[in-house]
file my_file_19.cif (mmCIF, C-alpha atoms and all ligand atoms)
data_coords
loop_
_atom_site.label_atom_id
_atom_site.label_comp_id
_atom_site.auth_asym_id
_atom_site.auth_seq_id
_atom_site.Cartn_x
_atom_site.Cartn_y
_atom_site.Cartn_z
CA MET B 1 65.19 -66.28 136.43
CA THR B 2 63.37 -65.06 133.32
CA LEU B 3 59.80 -64.59 134.39
CA GLN B 4 57.28 -66.34 132.21
CA PHE B 5 53.69 -65.83 133.20
CA PRO B 6 50.52 -67.55 132.10
CA GLU B 7 48.00 -65.39 130.30
CA LYS B 8 45.74 -63.51 132.68
CA PRO B 9 42.08 -64.47 132.59
CA HIS B 10 39.58 -61.78 131.62
CA GLY B 11 37.51 -59.99 134.20
CA LEU B 12 39.85 -60.25 137.19
CA PRO B 13 38.62 -58.22 140.16
CA HIS B 14 40.39 -55.02 141.24
CA PRO B 15 42.30 -54.35 137.99
CA GLU B 16 43.86 -51.25 139.57
CA TYR B 17 45.89 -53.41 142.00
CA THR B 18 49.38 -54.83 141.24
CA THR B 19 51.49 -56.91 143.62
CA PRO B 20 54.94 -55.29 143.86
CA ARG B 21 58.06 -57.44 143.37
CA GLY B 22 59.77 -58.79 146.46
CA VAL B 23 56.92 -58.47 148.98
CA SER B 24 54.33 -60.88 150.33
CA PRO B 25 50.87 -60.12 148.94
CA LEU B 26 49.64 -60.75 152.49
CA HIS B 27 50.73 -57.19 153.19
CA SER B 28 50.50 -55.44 149.84
CA VAL B 29 46.89 -56.41 149.12
CA ARG B 30 45.71 -55.12 152.50
CA GLU B 31 47.78 -51.98 152.23
CA ALA B 32 45.87 -51.32 149.00
CA GLY B 33 42.65 -51.47 151.05
CA LEU B 34 41.48 -54.80 149.60
CA GLN B 35 40.25 -58.00 151.16
CA TYR B 36 42.90 -60.75 151.47
CA PRO B 37 42.60 -63.46 150.42
CA ASN B 38 40.22 -61.89 147.95
CA TYR B 39 36.76 -63.33 147.29
CA THR B 40 35.43 -60.71 144.90
CA PRO B 41 33.37 -62.80 142.46
CA PHE B 42 34.48 -63.25 138.85
CA LYS B 43 33.80 -65.95 136.30
CA LEU B 44 36.23 -68.32 134.61
CA PRO B 45 35.61 -70.64 131.68
CA ASN B 46 35.18 -74.30 132.66
CA LEU B 47 38.36 -76.36 132.38
CA GLU B 48 38.78 -78.62 129.38
CA GLU B 49 41.21 -81.45 128.87
CA LYS B 50 44.53 -80.28 127.42
CA PRO B 51 47.68 -82.13 126.34
CA PHE B 52 50.30 -82.47 129.08
CA THR B 53 53.86 -83.79 129.06
CA ASP B 54 55.57 -84.27 132.39
CA ARG B 55 58.90 -82.45 132.67
CA GLY B 56 60.21 -85.40 134.65
CA LEU B 57 60.29 -87.44 131.43
CA ASN B 58 63.28 -85.31 130.31
CA ALA B 59 65.16 -85.97 133.54
CA ASP B 60 68.45 -87.70 133.95
CA PRO B 61 67.42 -90.96 135.73
CA ALA B 62 70.21 -90.31 138.28
CA LYS B 63 69.01 -86.70 138.63
CA ALA B 64 72.70 -85.82 138.74
CA ARG B 65 72.35 -82.30 137.34
CA LEU B 66 70.26 -81.39 140.37
CA LEU B 67 71.70 -83.58 143.09
CA ASN B 68 75.38 -82.91 142.28
CA ALA B 69 74.72 -79.19 142.73
CA ALA B 70 73.28 -79.64 146.25
CA THR B 71 75.47 -79.46 149.35
CA ASP B 72 73.37 -82.06 151.17
CA ILE B 73 70.55 -84.50 150.39
CA ILE B 74 68.61 -85.61 153.46
CA HIS B 75 66.07 -88.42 153.13
CA LEU B 76 63.64 -87.68 155.95
CA THR B 77 62.06 -91.15 156.06
CA PRO B 78 62.79 -94.30 154.03
CA GLU B 79 59.46 -94.11 152.17
CA ILE B 80 58.79 -90.43 151.54
CA GLY B 81 60.33 -86.98 151.78
CA THR B 82 63.75 -85.56 150.95
CA GLU B 83 65.29 -82.23 151.94
CA ILE B 84 67.73 -80.64 149.51
CA VAL B 85 70.27 -78.25 150.99
CA GLY B 86 72.35 -75.60 149.25
CA LEU B 87 70.17 -74.74 146.25
CA GLN B 88 67.99 -71.77 145.39
CA LEU B 89 64.98 -72.84 143.33
CA ALA B 90 64.90 -69.48 141.57
CA HIS B 91 68.35 -70.20 140.09
CA LEU B 92 67.78 -73.75 138.78
CA THR B 93 68.42 -74.43 135.10
CA ASN B 94 65.74 -76.15 133.06
CA ASP B 95 67.77 -79.38 133.22
CA GLN B 96 67.79 -79.15 136.99
CA ARG B 97 64.07 -78.46 137.08
CA ASP B 98 63.47 -81.58 134.98
CA ASP B 99 65.55 -83.60 137.44
CA LEU B 100 63.58 -82.05 140.29
CA ALA B 101 60.32 -83.16 138.67
CA ARG B 102 61.63 -86.72 138.67
CA LEU B 103 62.93 -86.52 142.22
CA VAL B 104 59.55 -85.27 143.43
CA ALA B 105 57.79 -88.02 141.48
CA GLU B 106 60.00 -90.62 143.18
CA ARG B 107 60.20 -89.26 146.72
CA GLY B 108 56.65 -87.83 146.90
CA VAL B 109 57.70 -84.54 148.47
CA VAL B 110 60.94 -82.54 148.37
CA PHE B 111 61.79 -79.66 150.73
CA PHE B 112 64.02 -76.58 150.49
CA ARG B 113 64.60 -74.09 153.29
CA ASP B 114 65.46 -70.37 153.11
CA GLN B 115 64.31 -69.76 149.55
CA GLN B 116 64.69 -66.29 148.09
CA MET B 117 61.80 -66.39 145.68
CA ASP B 118 59.03 -63.83 145.48
CA VAL B 119 55.51 -64.68 144.40
CA HIS B 120 56.20 -63.66 140.79
CA GLU B 121 59.17 -66.02 140.61
CA GLN B 122 57.10 -68.74 142.24
CA ILE B 123 54.39 -68.41 139.57
CA SER B 124 56.96 -68.50 136.80
CA PHE B 125 58.68 -71.52 138.36
CA GLY B 126 55.39 -73.40 138.70
CA ALA B 127 54.28 -72.54 135.16
CA TYR B 128 57.31 -74.43 133.79
CA PHE B 129 55.70 -77.70 134.93
CA GLY B 130 52.16 -77.21 133.61
CA ASP B 131 49.15 -74.93 133.30
CA LEU B 132 48.60 -73.33 136.68
CA HIS B 133 45.33 -74.20 138.34
CA ILE B 134 43.06 -71.36 139.45
CA HIS B 135 40.90 -72.44 142.34
CA GLN B 136 37.16 -72.54 141.75
CA MET B 137 36.25 -70.90 145.06
CA ALA B 138 39.23 -70.16 147.33
CA GLY B 139 40.37 -66.59 147.99
CA ILE B 140 43.02 -65.28 145.58
CA ILE B 141 45.51 -62.46 145.08
CA PRO B 142 43.58 -60.13 142.75
CA ASP B 143 46.28 -59.75 140.06
CA LEU B 144 47.85 -63.22 140.53
CA PRO B 145 44.89 -65.61 140.44
CA TRP B 146 47.10 -68.71 140.00
CA VAL B 147 48.24 -68.44 143.58
CA HIS B 148 46.22 -70.11 146.31
CA PRO B 149 46.91 -68.38 149.64
CA ILE B 150 47.06 -70.77 152.58
CA TYR B 151 45.79 -68.54 155.32
CA LYS B 152 44.41 -68.98 158.81
CA ASP B 153 44.21 -66.50 161.71
CA GLU B 154 42.12 -65.76 164.76
CA THR B 155 38.94 -65.98 162.67
CA ALA B 156 39.55 -69.66 161.79
CA VAL B 157 37.17 -70.99 164.44
CA ASN B 158 36.19 -73.91 162.19
CA GLY B 159 39.74 -74.47 160.95
CA ARG B 160 39.90 -78.03 162.16
CA SER B 161 37.41 -79.09 159.50
CA HIS B 162 40.25 -78.56 156.98
CA GLN B 163 42.45 -81.08 158.81
CA ILE B 164 41.63 -84.05 156.62
CA TRP B 165 43.87 -86.20 154.42
CA HIS B 166 43.48 -85.20 150.80
CA SER B 167 45.00 -84.66 147.43
CA ASP B 168 44.37 -81.15 146.09
CA VAL B 169 41.29 -80.59 143.88
CA SER B 170 41.12 -84.24 142.76
CA TYR B 171 37.69 -83.58 141.25
CA GLU B 172 39.29 -81.72 138.35
CA ILE B 173 39.72 -83.51 135.00
CA GLN B 174 43.47 -82.90 135.25
CA PRO B 175 44.31 -82.45 138.93
CA PRO B 176 47.65 -80.81 139.78
CA GLY B 177 50.92 -82.75 139.68
CA LEU B 178 53.98 -80.99 141.16
CA THR B 179 52.48 -78.62 143.70
CA MET B 180 54.54 -76.00 145.45
CA LEU B 181 53.91 -74.30 148.78
CA LYS B 182 56.12 -71.57 150.23
CA MET B 183 55.35 -70.45 153.78
CA ASP B 184 56.18 -66.89 154.80
CA THR B 185 54.38 -66.40 158.12
CA LEU B 186 54.33 -69.06 160.82
CA PRO B 187 52.79 -69.44 164.24
CA ARG B 188 54.95 -69.04 167.34
CA ALA B 189 54.42 -70.42 170.81
CA GLY B 190 55.69 -70.05 174.34
CA PRO B 191 57.24 -67.07 176.11
CA GLU B 192 60.28 -66.98 173.80
CA GLY B 193 58.06 -67.10 170.79
CA SER B 194 59.91 -69.84 168.93
CA LEU B 195 58.31 -71.30 165.84
CA ALA B 196 55.81 -74.01 166.78
CA GLY B 197 52.74 -75.50 165.17
CA GLY B 198 51.30 -75.66 161.70
CA ASP B 199 53.37 -78.59 160.47
CA THR B 200 52.21 -80.40 157.34
CA ILE B 201 52.18 -84.18 156.91
CA TRP B 202 52.35 -86.10 153.66
CA ALA B 203 51.73 -89.80 153.01
CA SER B 204 53.04 -91.84 150.11
CA GLY B 205 50.39 -93.26 147.80
CA TYR B 206 52.95 -95.66 146.31
CA ALA B 207 53.90 -97.10 149.71
CA LEU B 208 50.33 -97.32 150.93
CA TYR B 209 49.28 -99.09 147.79
CA GLU B 210 52.03 -101.67 147.85
CA SER B 211 51.30 -102.39 151.53
CA LEU B 212 47.94 -103.89 150.53
CA SER B 213 47.55 -107.59 149.73
CA PRO B 214 47.97 -108.62 146.08
CA LYS B 215 44.37 -109.86 146.03
CA LEU B 216 42.96 -106.54 147.23
CA ARG B 217 45.22 -104.65 144.81
CA SER B 218 43.95 -106.70 141.88
CA ILE B 219 40.37 -105.78 142.80
CA LEU B 220 41.15 -102.08 143.33
CA GLU B 221 42.81 -101.92 139.92
CA THR B 222 39.46 -102.68 138.27
CA LEU B 223 37.63 -99.85 140.06
CA GLU B 224 36.86 -96.22 139.36
CA ALA B 225 35.60 -93.60 141.80
CA LYS B 226 33.67 -90.37 141.62
CA HIS B 227 35.49 -87.24 142.86
CA SER B 228 33.27 -84.25 143.56
CA GLY B 229 33.74 -80.51 143.82
CA LEU B 230 30.07 -79.99 144.67
CA GLU B 231 30.47 -79.72 148.45
CA GLN B 232 33.17 -77.07 148.08
CA ALA B 233 30.97 -75.20 145.62
CA GLU B 234 27.97 -75.31 147.95
CA LYS B 235 30.15 -74.02 150.77
CA ALA B 236 31.36 -71.19 148.54
CA LEU B 237 27.82 -70.16 147.69
CA ARG B 238 26.85 -70.33 151.38
CA THR B 239 29.81 -68.29 152.62
CA SER B 240 31.75 -66.00 150.26
CA GLY B 241 29.35 -66.19 147.32
CA CYS B 242 32.35 -66.56 145.03
CA LEU B 243 32.24 -69.53 142.66
CA ARG B 244 34.29 -69.04 139.48
CA ARG B 245 33.51 -72.16 137.48
CA ASP B 246 30.62 -74.60 137.30
CA PRO B 247 31.25 -77.27 139.95
CA ILE B 248 32.12 -80.67 138.53
CA GLU B 249 32.31 -84.35 139.40
CA THR B 250 34.87 -86.51 137.63
CA ILE B 251 35.44 -90.27 137.49
CA HIS B 252 39.06 -91.30 138.10
CA PRO B 253 40.68 -94.74 138.49
CA VAL B 254 41.08 -95.89 142.11
CA VAL B 255 44.66 -96.83 141.26
CA ARG B 256 46.57 -94.58 138.89
CA THR B 257 49.92 -94.90 137.14
CA HIS B 258 52.49 -92.14 137.48
CA PRO B 259 53.73 -91.20 133.98
CA VAL B 260 57.35 -90.62 135.06
CA THR B 261 58.00 -93.44 137.52
CA ASN B 262 55.44 -95.80 135.95
CA TRP B 263 54.56 -96.82 139.51
CA LYS B 264 51.03 -97.53 140.74
CA THR B 265 49.60 -95.26 143.40
CA LEU B 266 46.39 -95.16 145.39
CA TYR B 267 44.14 -92.36 144.21
CA VAL B 268 41.14 -91.90 146.51
CA ASN B 269 40.91 -89.28 149.24
CA GLU B 270 38.50 -88.53 152.01
CA ASN B 271 37.92 -84.92 151.06
CA PHE B 272 36.73 -85.35 147.50
CA THR B 273 36.15 -89.04 146.61
CA LYS B 274 32.46 -89.71 147.09
CA GLU B 275 31.74 -93.21 145.79
CA ILE B 276 33.10 -96.19 143.93
CA VAL B 277 31.37 -96.55 140.60
CA GLY B 278 29.18 -99.63 140.10
CA LEU B 279 29.29 -100.99 143.65
CA GLU B 280 26.49 -101.01 146.21
CA LYS B 281 26.95 -97.79 148.14
CA ARG B 282 27.43 -99.52 151.51
CA ILE B 283 30.12 -101.78 150.05
CA GLY B 284 31.89 -99.00 148.17
CA ASP B 285 31.79 -96.82 151.29
CA ALA B 286 33.24 -99.65 153.39
CA ILE B 287 36.14 -100.03 150.94
CA LEU B 288 36.75 -96.26 150.86
CA ASP B 289 36.59 -95.99 154.66
CA THR B 290 39.12 -98.81 154.99
CA LEU B 291 41.45 -97.10 152.53
CA TYR B 292 41.10 -93.73 154.28
CA ARG B 293 41.91 -95.40 157.60
CA THR B 294 44.93 -97.06 156.02
CA ILE B 295 46.14 -93.65 154.79
CA ALA B 296 45.60 -92.00 158.19
CA GLU B 297 47.16 -94.78 160.25
CA GLY B 298 50.06 -95.73 158.00
CA TYR B 299 52.59 -93.75 160.05
CA GLU B 300 55.47 -95.57 158.38
CA PHE B 301 54.41 -94.07 155.04
CA GLN B 302 54.27 -90.48 156.30
CA VAL B 303 56.62 -87.55 156.72
CA ARG B 304 55.92 -84.59 159.00
CA TRP B 305 57.56 -81.32 158.01
CA LYS B 306 58.34 -78.50 160.45
CA TRP B 307 58.19 -75.28 158.49
CA THR B 308 60.58 -72.38 158.79
CA GLU B 309 59.99 -69.01 157.16
CA ASN B 310 60.63 -69.15 153.40
CA ALA B 311 60.80 -72.95 153.33
CA VAL B 312 59.27 -74.56 150.25
CA ALA B 313 57.65 -77.95 149.82
CA ILE B 314 57.11 -79.41 146.36
CA TRP B 315 54.93 -82.50 146.38
CA ASP B 316 53.54 -84.78 143.74
CA ASN B 317 49.84 -84.36 144.23
CA ARG B 318 49.23 -87.51 142.16
CA ALA B 319 51.20 -89.86 144.39
CA THR B 320 50.79 -88.40 147.88
CA PHE B 321 48.15 -87.30 150.35
CA HIS B 322 48.64 -84.43 152.78
CA THR B 323 47.07 -82.38 155.52
CA GLY B 324 48.07 -79.35 157.53
CA ILE B 325 47.98 -79.76 161.31
CA PHE B 326 45.73 -77.16 162.91
CA ASP B 327 47.31 -76.80 166.34
CA TYR B 328 48.05 -73.05 166.20
CA PHE B 329 44.70 -71.29 166.68
CA PRO B 330 44.42 -68.30 167.02
CA HIS B 331 47.84 -67.54 165.50
CA LEU B 332 48.47 -66.50 161.91
CA ARG B 333 49.90 -68.97 159.39
CA HIS B 334 50.33 -67.93 155.77
CA GLY B 335 51.85 -69.37 152.65
CA LEU B 336 51.40 -69.32 148.89
CA ARG B 337 50.65 -72.37 146.76
CA VAL B 338 50.92 -72.81 143.01
CA ALA B 339 49.60 -75.97 141.41
CA PRO B 340 50.48 -76.90 137.82
CA GLN B 341 47.91 -79.25 136.36
CA ALA B 342 49.10 -82.66 135.18
CA GLU B 343 47.66 -85.42 133.01
CA ARG B 344 44.18 -86.86 133.29
CA PRO B 345 44.62 -89.78 135.74
CA TYR B 346 44.94 -93.18 134.03
CA PHE B 347 45.72 -96.74 135.02
CA ASP B 348 48.18 -98.70 132.91
CA PRO B 349 47.84 -102.44 133.63
CA GLU B 350 51.49 -102.88 132.59
CA SER B 351 52.71 -100.52 135.31
CA LYS B 352 54.14 -101.89 138.56
CA THR B 353 54.17 -101.12 142.23
CA ARG B 354 57.24 -99.16 143.27
CA ARG B 355 58.81 -102.17 144.98
CA GLU B 356 58.19 -104.50 142.02
CA SER B 357 59.79 -101.92 139.75
CA LEU B 358 62.86 -101.41 141.96
CA GLU B 359 63.39 -105.15 142.49
CA LYS B 360 63.67 -105.88 138.78
FE FE B 401 45.92 -79.34 150.24
#

call {"tool": "encode", "arguments": {"input": "my_file_19.cif", "output": "structure tokens"}}
result
Amino acid sequence: MTLQFPEKPHGLPHPEYTTPRGVSPLHSVREAGLQYPNYTPFKLPNLEEKPFTDRGLNADPAKARLLNAATDIIHLTPEIGTEIVGLQLAHLTNDQRDDLARLVAERGVVFFRDQQMDVHEQISFGAYFGDLHIHQMAGIIPDLPWVHPIYKDETAVNGRSHQIWHSDVSYEIQPPGLTMLKMDTLPRAGPEGSLAGGDTIWASGYALYESLSPKLRSILETLEAKHSGLEQAEKALRTSGCLRRDPIETIHPVVRTHPVTNWKTLYVNENFTKEIVGLEKRIGDAILDTLYRTIAEGYEFQVRWKWTENAVAIWDNRATFHTGIFDYFPHLRHGLRVAPQAERPYFDPESKTRRESLEK
């Protein structure tokens, strides 16, 4: 793979440090005597809206260039989640990556096991799909700020507070689309020490949305909601003291249209959506609570993934919700996430639910 990197922001901390090729920064950053993940404060310019074209729009509708190269294609549930066997992401052609973008848009989340891809290749792979998001407050790798380490160990005494259905950083003007997580260190359990714990679950926004009554859907389609990064920012100032951008709140439609599938998906989440615009707070909160409960309890719209070392999940952060399952305290679980930003969420009244579109 030819490595193509985004431009580095100015003022990164620890400029003397470089992550070597082929190793996990989990080890190399600490060996260099630095905190990991790293919370050394530095400032970033606030994000502004930028043009975005989804790579999935160039895909072959049959996704044949990707799927014909796989040795197996395993749909994990009818509604969401597909595992692709026999491919190395680092070796995909651009045509195959475009097909992958469409597959992820359709299936919500796509999995690959045993991926030989170091963090540099992962950044370059993610950057093909959009501008990589740098988190406003999470710990980073000092020289690779586009990577969000997913990290918990014996210090994660409050780790369960992170176990909440969400869509990543939905308060941003252009929240991420295809988001990629590669796990390299997993918890083990029992005397034999087999892998156990730390699964992730995803839920399909398309399926949840079309499960609602037509009358409720027609009301939701008229609504917008406020998504807020303020709580995260306050937490950052309280704990690490590292806040890289001014915290923001953004209004997004409650139902958004996916630009590749043209399907409607539910777009509110318990972590970041704070209120429905223009409704009495108690009524807006009641609607949001009902939707959050529908997401949490819609087991038929969910897929639960058991990680193995070097497995990769790529999910469409626009059309799914997810949460890690925190059942592994005090063990170590570590992975690396890159999150290319997508379009500003919009609702197209001409778009359809997934089922309406497929029945045509
Ligand atoms: Fe997340």

call {"tool": "atom_distance", "arguments": {"input": "my_file_19.cif", "atom1": "CA of Thr185 in chain B", "atom2": "CA of His133 in chain B"}}
result
23.1 Å

call {"tool": "residues_near_point", "arguments": {"input": "my_file_19.cif", "point": "(54.8, -73.3, 145.7)", "cutoff": "6 Å", "atoms": "all atoms listed in the file", "output": "list in words"}}
result
Met180, Leu181, Lys182, Arg337 and Val338 of chain B

call {"tool": "residues_around", "arguments": {"input": "my_file_19.cif", "residues": "range 353-357 of chain B", "least_positions_apart": "2", "cutoff": "12 Å", "atoms": "all atoms listed in the file", "output": "number ranges by chain"}}
result
B: 79, 105-108, 204-214, 217-218, 221, 255-258, 260-266, 319, 347-351, 359-360

call {"tool": "closest_residue", "arguments": {"input": "my_file_19.cif", "among": "B:Glu224, B:Glu270, B:Glu300, B:Glu249", "to": "ligand FE 401 (chain B)", "atoms": "all atoms listed in the file"}}
result
B:Glu270

call {"tool": "atom_distance", "arguments": {"input": "my_file_19.cif", "atom1": "CA of Thr250 in chain B", "atom2": "CA of Ala225 in chain B"}}
result
8.3 Å

call {"tool": "residues_around", "arguments": {"input": "my_file_19.cif", "residues": "range 24-31 of chain B", "least_positions_apart": "4", "cutoff": "8 Å", "atoms": "only C-alpha atoms", "output": "VMD selection string"}}
result
chain B and resid 17 19 to 20 35 to 37 118 to 119 141 184 334

call {"tool": "residues_near_ligand", "arguments": {"input": "my_file_19.cif", "ligand": "ligand FE 401 (chain B)", "cutoff": "10 Å", "atoms": "only C-alpha atoms and all ligand atoms", "output": "list in words"}}
result
Ile150, His162, Gln163, Ile164, Trp165, His166, Ser167, Asp168, Val169, Thr179, Leu181, Thr200, Trp202, Asn271, Asn317, Phe321, His322, Thr323, Gly324 and Arg337 of chain B

call {"tool": "decode", "arguments": {"input": "my_file_19.cif", "residues": "range 94-173 of chain B", "atoms": "C-alpha atoms", "output": "mmCIF file, in the first residue's frame"}}
result
data_model
loop_
_atom_site.group_PDB
_atom_site.id
_atom_site.type_symbol
_atom_site.label_atom_id
_atom_site.label_comp_id
_atom_site.auth_asym_id
_atom_site.auth_seq_id
_atom_site.Cartn_x
_atom_site.Cartn_y
_atom_site.Cartn_z
ATOM 1 C CA ASN B 94 -9.125 1.603 -4.816
ATOM 2 C CA ASP B 95 -12.000 -0.090 -6.683
ATOM 3 C CA GLN B 96 -12.276 -2.634 -3.898
ATOM 4 C CA ARG B 97 -12.180 0.085 -1.264
ATOM 5 C CA ASP B 98 -15.046 1.855 -3.034
ATOM 6 C CA ASP B 99 -17.036 -1.382 -3.007
ATOM 7 C CA LEU B 100 -16.204 -1.795 0.671
ATOM 8 C CA ALA B 101 -17.583 1.676 1.400
ATOM 9 C CA ARG B 102 -20.858 0.616 -0.183
ATOM 10 C CA LEU B 103 -20.937 -2.719 1.599
ATOM 11 C CA VAL B 104 -20.402 -0.997 4.947
ATOM 12 C CA ALA B 105 -23.105 1.548 4.115
ATOM 13 C CA GLU B 106 -25.531 -1.297 3.387
ATOM 14 C CA ARG B 107 -24.641 -3.791 6.110
ATOM 15 C CA GLY B 108 -23.819 -1.246 8.852
ATOM 16 C CA VAL B 109 -20.644 -2.992 9.980
ATOM 17 C CA VAL B 110 -18.169 -5.274 8.195
ATOM 18 C CA PHE B 111 -15.535 -7.412 9.938
ATOM 19 C CA PHE B 112 -12.149 -8.829 8.935
ATOM 20 C CA ARG B 113 -9.988 -11.071 11.105
ATOM 21 C CA ASP B 114 -6.196 -11.494 11.162
ATOM 22 C CA GLN B 115 -5.298 -8.236 9.443
ATOM 23 C CA GLN B 116 -1.650 -7.457 8.833
ATOM 24 C CA MET B 117 -1.867 -3.693 8.946
ATOM 25 C CA ASP B 118 0.237 -1.444 11.121
ATOM 26 C CA VAL B 119 -0.993 1.863 12.463
ATOM 27 C CA HIS B 120 0.592 3.806 9.587
ATOM 28 C CA GLU B 121 -1.236 1.664 7.038
ATOM 29 C CA GLN B 122 -4.431 2.039 9.028
ATOM 30 C CA ILE B 123 -4.176 5.840 8.917
ATOM 31 C CA SER B 124 -3.497 5.796 5.203
ATOM 32 C CA PHE B 125 -6.393 3.400 4.604
ATOM 33 C CA GLY B 126 -8.792 5.563 6.618
ATOM 34 C CA ALA B 127 -7.650 8.782 4.936
ATOM 35 C CA TYR B 128 -8.842 7.402 1.577
ATOM 36 C CA PHE B 129 -12.442 7.749 2.790
ATOM 37 C CA GLY B 130 -12.338 11.276 4.240
ATOM 38 C CA ASP B 131 -10.525 13.772 6.442
ATOM 39 C CA LEU B 132 -9.501 11.946 9.594
ATOM 40 C CA HIS B 133 -11.077 13.240 12.763
ATOM 41 C CA ILE B 134 -8.792 14.246 15.633
ATOM 42 C CA HIS B 135 -10.575 13.881 18.930
ATOM 43 C CA GLN B 136 -11.167 17.048 20.920
ATOM 44 C CA MET B 137 -10.144 15.544 24.266
ATOM 45 C CA ALA B 138 -9.264 11.828 24.124
ATOM 46 C CA GLY B 139 -5.686 10.629 24.585
ATOM 47 C CA ILE B 140 -3.674 10.316 21.363
ATOM 48 C CA ILE B 141 -0.461 8.886 19.940
ATOM 49 C CA PRO B 142 1.835 11.935 19.971
ATOM 50 C CA ASP B 143 2.984 11.744 16.330
ATOM 51 C CA LEU B 144 -0.228 10.181 14.937
ATOM 52 C CA PRO B 145 -3.017 12.370 16.323
ATOM 53 C CA TRP B 146 -5.648 10.953 13.927
ATOM 54 C CA VAL B 147 -5.688 7.708 15.855
ATOM 55 C CA HIS B 148 -8.002 7.334 18.821
ATOM 56 C CA PRO B 149 -6.640 4.636 21.152
ATOM 57 C CA ILE B 150 -9.358 2.491 22.713
ATOM 58 C CA TYR B 151 -7.730 1.651 26.001
ATOM 59 C CA LYS B 152 -8.845 0.316 29.357
ATOM 60 C CA ASP B 153 -6.835 -1.414 32.097
ATOM 61 C CA GLU B 154 -6.844 -1.892 35.847
ATOM 62 C CA THR B 155 -7.272 1.861 36.355
ATOM 63 C CA ALA B 156 -10.656 1.909 34.563
ATOM 64 C CA VAL B 157 -12.683 1.860 37.780
ATOM 65 C CA ASN B 158 -15.394 4.015 36.190
ATOM 66 C CA GLY B 159 -15.222 2.203 32.855
ATOM 67 C CA ARG B 160 -18.850 1.182 32.914
ATOM 68 C CA SER B 161 -19.909 4.786 32.385
ATOM 69 C CA HIS B 162 -18.624 4.384 28.795
ATOM 70 C CA GLN B 163 -20.994 1.469 28.184
ATOM 71 C CA ILE B 164 -23.733 3.462 26.521
ATOM 72 C CA TRP B 165 -25.200 3.227 23.017
ATOM 73 C CA HIS B 166 -23.798 5.970 20.833
ATOM 74 C CA SER B 167 -22.585 7.123 17.490
ATOM 75 C CA ASP B 168 -19.066 8.579 17.637
ATOM 76 C CA VAL B 169 -18.696 12.353 18.147
ATOM 77 C CA SER B 170 -22.146 13.135 16.708
ATOM 78 C CA TYR B 171 -21.829 16.709 17.979
ATOM 79 C CA GLU B 172 -19.368 17.518 15.192
ATOM 80 C CA ILE B 173 -20.610 19.401 12.110
#
